[in-house]
Amino acid sequence: MVARADYDLNDKNTENWQRNMQLGRLSVYTAPISLLGNAYVDVDSADITDSSFTIGLSIDTDKTLEGSFDSYGAPSVEISSDTKTWKNEEILSRKELEKVPVQAGTASMVIQDHDSTDASVPKVVLTGTAPTENTNAWELLMKGWRAELQFREGEGQDNPFDSMTVYTVSVGAVAAQGGSEYNVGASTNSLQLRTLKQTAGIRHDGVFTLSNFIEIYHFYFDDPDNAVDKGTITVKLYSVSEASLVETRMIKTNTEYESLRFNNLKMDTDYRIEFTAQNYNVYYDSGKNETNYTFPDPNRLYVTTGEGNYRFA
């Protein structure tokens, strides 16, 4: 920046003026936006299943420079494994959150609900100390409110995350300057999570009953992550009306049986078929192992003998 002027130190006629003389020079340098400093973000996880979990994040207002908040546009979230990556830079965008009003006294609010057809879209919930004045969701996020990304299981759609897999969660920051957006540094506590083993359960093509037998067609006890110790299941047939154990047999997991048939049964009698593992553990801590674990519904079968009846799976 340069300042110039016409002047005459002797106050004489204008013909003696010094023309376009430099009076001063000031150098101004634009600094990289990274000099705003890092955004410090605390990250944690909860509600971990075989294909879903909750990620919580909040800005550490004690470490992040207060003046930098004015430039931040959105935290970017990435969840990655060796084979899959989920990334979103818009889900907590300043542009959208500033549109969300928050009334004084509010301590929790849902920003986005689950998508009924896409399990990769999480429910987003903000929680924190209730403000004393009306404000917006972005201001509260910058003041340390906790944001939760609650992923659900697929329920018929493709799951965005795999079972028995280690995921790394990282959070970045996007800053706006001069109409453009830039990725800037974000410092987070290191977070890795491991999804649980997939739950085991029965598959079959249908159940046929007659007066004195039950037959289950194309039976398969599915245990993709080997949560059942030694891959052995005890099948138990109970008479419901007599409250008695009628028969037991051993089967192997991950093995297809053309049929499981129970003979010499009583006519017009209600039976229940249960499946039990001597040791079952979907976790990685042996202390969470469950012994003599009987699989709950829908992994029980309820059947009544009588005239020929076929029930599809």
# chains A, B, ... in the order shown; residues from 1 in each chain; ligands from 1
>>> residues_around(residues="A:Val166", least_positions_apart="4", cutoff="12 Å", atoms="only C-alpha atoms", output="number ranges by chain")
A: 48, 50-51, 79-85, 161-162, 191-197
>>> write_last_selection(atoms="N, CA and C atoms", output="PDB file, in the first residue's frame")
ATOM      1  N   ILE A  48     -22.449 -49.688  19.758  1.00  0.00           N
ATOM      2  CA  ILE A  48     -21.845 -50.435  18.660  1.00  0.00           C
ATOM      3  C   ILE A  48     -22.534 -51.791  18.503  1.00  0.00           C
ATOM      4  N   ASP A  50     -23.179 -55.019  15.141  1.00  0.00           N
ATOM      5  CA  ASP A  50     -22.374 -55.631  14.078  1.00  0.00           C
ATOM      6  C   ASP A  50     -22.335 -54.775  12.813  1.00  0.00           C
ATOM      7  N   SER A  51     -23.261 -53.807  12.671  1.00  0.00           N
ATOM      8  CA  SER A  51     -23.267 -52.999  11.447  1.00  0.00           C
ATOM      9  C   SER A  51     -23.699 -51.555  11.685  1.00  0.00           C
ATOM     10  N   ILE A  79     -15.304 -41.875   8.193  1.00  0.00           N
ATOM     11  CA  ILE A  79     -15.265 -43.155   8.896  1.00  0.00           C
ATOM     12  C   ILE A  79     -14.781 -44.184   7.887  1.00  0.00           C
ATOM     13  N   SER A  80     -13.622 -44.773   8.131  1.00  0.00           N
ATOM     14  CA  SER A  80     -13.019 -45.615   7.088  1.00  0.00           C
ATOM     15  C   SER A  80     -12.445 -46.901   7.658  1.00  0.00           C
ATOM     16  N   SER A  81     -12.493 -47.941   6.829  1.00  0.00           N
ATOM     17  CA  SER A  81     -11.824 -49.208   7.094  1.00  0.00           C
ATOM     18  C   SER A  81     -10.917 -49.497   5.911  1.00  0.00           C
ATOM     19  N   ASP A  82     -10.382 -50.696   5.853  1.00  0.00           N
ATOM     20  CA  ASP A  82      -9.531 -51.059   4.716  1.00  0.00           C
ATOM     21  C   ASP A  82     -10.324 -51.173   3.425  1.00  0.00           C
ATOM     22  N   THR A  83     -11.636 -51.375   3.537  1.00  0.00           N
ATOM     23  CA  THR A  83     -12.435 -51.632   2.339  1.00  0.00           C
ATOM     24  C   THR A  83     -13.552 -50.619   2.099  1.00  0.00           C
ATOM     25  N   LYS A  84     -13.942 -49.853   3.119  1.00  0.00           N
ATOM     26  CA  LYS A  84     -15.062 -48.929   2.965  1.00  0.00           C
ATOM     27  C   LYS A  84     -14.732 -47.578   3.571  1.00  0.00           C
ATOM     28  N   THR A  85     -15.310 -46.530   2.984  1.00  0.00           N
ATOM     29  CA  THR A  85     -15.154 -45.178   3.526  1.00  0.00           C
ATOM     30  C   THR A  85     -16.491 -44.459   3.463  1.00  0.00           C
ATOM     31  N   PHE A 161     -21.757 -50.320   6.957  1.00  0.00           N
ATOM     32  CA  PHE A 161     -20.595 -50.807   7.691  1.00  0.00           C
ATOM     33  C   PHE A 161     -20.665 -52.326   7.837  1.00  0.00           C
ATOM     34  N   ASP A 162     -19.491 -52.952   7.854  1.00  0.00           N
ATOM     35  CA  ASP A 162     -19.395 -54.404   7.933  1.00  0.00           C
ATOM     36  C   ASP A 162     -19.199 -54.857   9.375  1.00  0.00           C
ATOM     37  N   LEU A 191      -9.568 -42.138  17.503  1.00  0.00           N
ATOM     38  CA  LEU A 191     -10.718 -43.014  17.739  1.00  0.00           C
ATOM     39  C   LEU A 191     -10.745 -44.122  16.716  1.00  0.00           C
ATOM     40  N   GLN A 192     -10.666 -45.329  17.213  1.00  0.00           N
ATOM     41  CA  GLN A 192     -10.917 -46.512  16.405  1.00  0.00           C
ATOM     42  C   GLN A 192     -11.990 -47.330  17.106  1.00  0.00           C
ATOM     43  N   LEU A 193     -12.870 -47.906  16.330  1.00  0.00           N
ATOM     44  CA  LEU A 193     -13.899 -48.777  16.884  1.00  0.00           C
ATOM     45  C   LEU A 193     -13.954 -50.049  16.066  1.00  0.00           C
ATOM     46  N   ARG A 194     -14.442 -51.082  16.683  1.00  0.00           N
ATOM     47  CA  ARG A 194     -14.561 -52.363  15.993  1.00  0.00           C
ATOM     48  C   ARG A 194     -15.995 -52.849  16.109  1.00  0.00           C
ATOM     49  N   THR A 195     -16.634 -53.057  14.983  1.00  0.00           N
ATOM     50  CA  THR A 195     -17.999 -53.553  15.002  1.00  0.00           C
ATOM     51  C   THR A 195     -18.018 -54.993  15.530  1.00  0.00           C
ATOM     52  N   LEU A 196     -19.147 -55.373  16.098  1.00  0.00           N
ATOM     53  CA  LEU A 196     -19.278 -56.690  16.704  1.00  0.00           C
ATOM     54  C   LEU A 196     -19.373 -57.785  15.643  1.00  0.00           C
ATOM     55  N   LYS A 197     -19.277 -59.008  16.114  1.00  0.00           N
ATOM     56  CA  LYS A 197     -19.543 -60.138  15.224  1.00  0.00           C
ATOM     57  C   LYS A 197     -21.027 -60.146  14.867  1.00  0.00           C
TER      58      LYS A 197
END
>>> residues_around(residues="A:Ser76", least_positions_apart="6", cutoff="9 Å", atoms="only C-alpha atoms", output="compact mmCIF listing (two decimals) with N, CA and C atoms, in the first residue's frame")
# COMPACT_ATOMS: atom_id res chain seq x y z
N LYS A 87 -17.89 -40.64 4.16
CA LYS A 87 -17.39 -39.29 4.37
C LYS A 87 -18.50 -38.29 4.08
N ASN A 88 -18.58 -37.25 4.91
CA ASN A 88 -19.60 -36.23 4.71
C ASN A 88 -19.07 -34.88 5.21
N GLU A 89 -19.15 -33.87 4.34
CA GLU A 89 -18.72 -32.52 4.71
C GLU A 89 -19.90 -31.56 4.82
N GLU A 90 -21.12 -32.09 4.64
CA GLU A 90 -22.30 -31.23 4.63
C GLU A 90 -23.23 -31.45 5.81
N ILE A 91 -23.09 -32.59 6.46
CA ILE A 91 -24.09 -32.97 7.45
C ILE A 91 -24.17 -32.00 8.62
N LEU A 92 -23.07 -31.32 8.93
CA LEU A 92 -23.07 -30.32 10.00
C LEU A 92 -22.64 -28.96 9.44
N SER A 93 -23.11 -28.64 8.26
CA SER A 93 -22.66 -27.42 7.59
C SER A 93 -23.22 -26.18 8.28
N SER A 170 -12.21 -39.90 11.78
CA SER A 170 -11.42 -38.68 11.75
C SER A 170 -12.33 -37.50 11.43
N VAL A 171 -12.01 -36.36 12.01
CA VAL A 171 -12.81 -35.15 11.83
C VAL A 171 -11.91 -34.04 11.32
N GLY A 172 -12.31 -33.39 10.24
CA GLY A 172 -11.59 -32.25 9.70
C GLY A 172 -12.43 -31.00 9.86
N ALA A 173 -11.87 -29.88 9.44
CA ALA A 173 -12.61 -28.62 9.50
C ALA A 173 -12.54 -27.95 8.14
N VAL A 174 -13.65 -27.36 7.74
CA VAL A 174 -13.73 -26.61 6.49
C VAL A 174 -13.93 -25.15 6.85
N ASN A 183 -9.95 -26.79 3.41
CA ASN A 183 -9.77 -27.71 4.51
C ASN A 183 -8.66 -27.19 5.41
>>> closest_residue(among="A:Asn292, A:Asn212, A:Ser52, A:Thr135", to="A:Lys123", atoms="only C-alpha atoms")
A:Ser52
>>> atom_distance(atom1="atom CA of A:Val110", atom2="atom CA of A:Thr165")
28.6 Å
>>> closest_residue(among="A:Thr129, A:Ala3, A:Phe219, A:Ser239", to="A:Tyr257", atoms="only C-alpha atoms")
A:Phe219
>>> closest_residue(among="A:Ile55, A:Val303, A:Leu260, A:Ala227", to="A:Met164", atoms="only C-alpha atoms")
A:Ala227
>>> residues_around(residues="A:Ser116", least_positions_apart="5", cutoff="12 Å", atoms="only C-alpha atoms", output="list of chain:residue names")
A:Val121, A:Pro122, A:Lys123, A:Phe151, A:Arg152, A:Glu153, A:Gly154, A:Glu155, A:Gly156, A:Gln157
>>> atom_distance(atom1="atom CA of A:Thr49", atom2="atom CA of A:Ile111")
23.1 Å
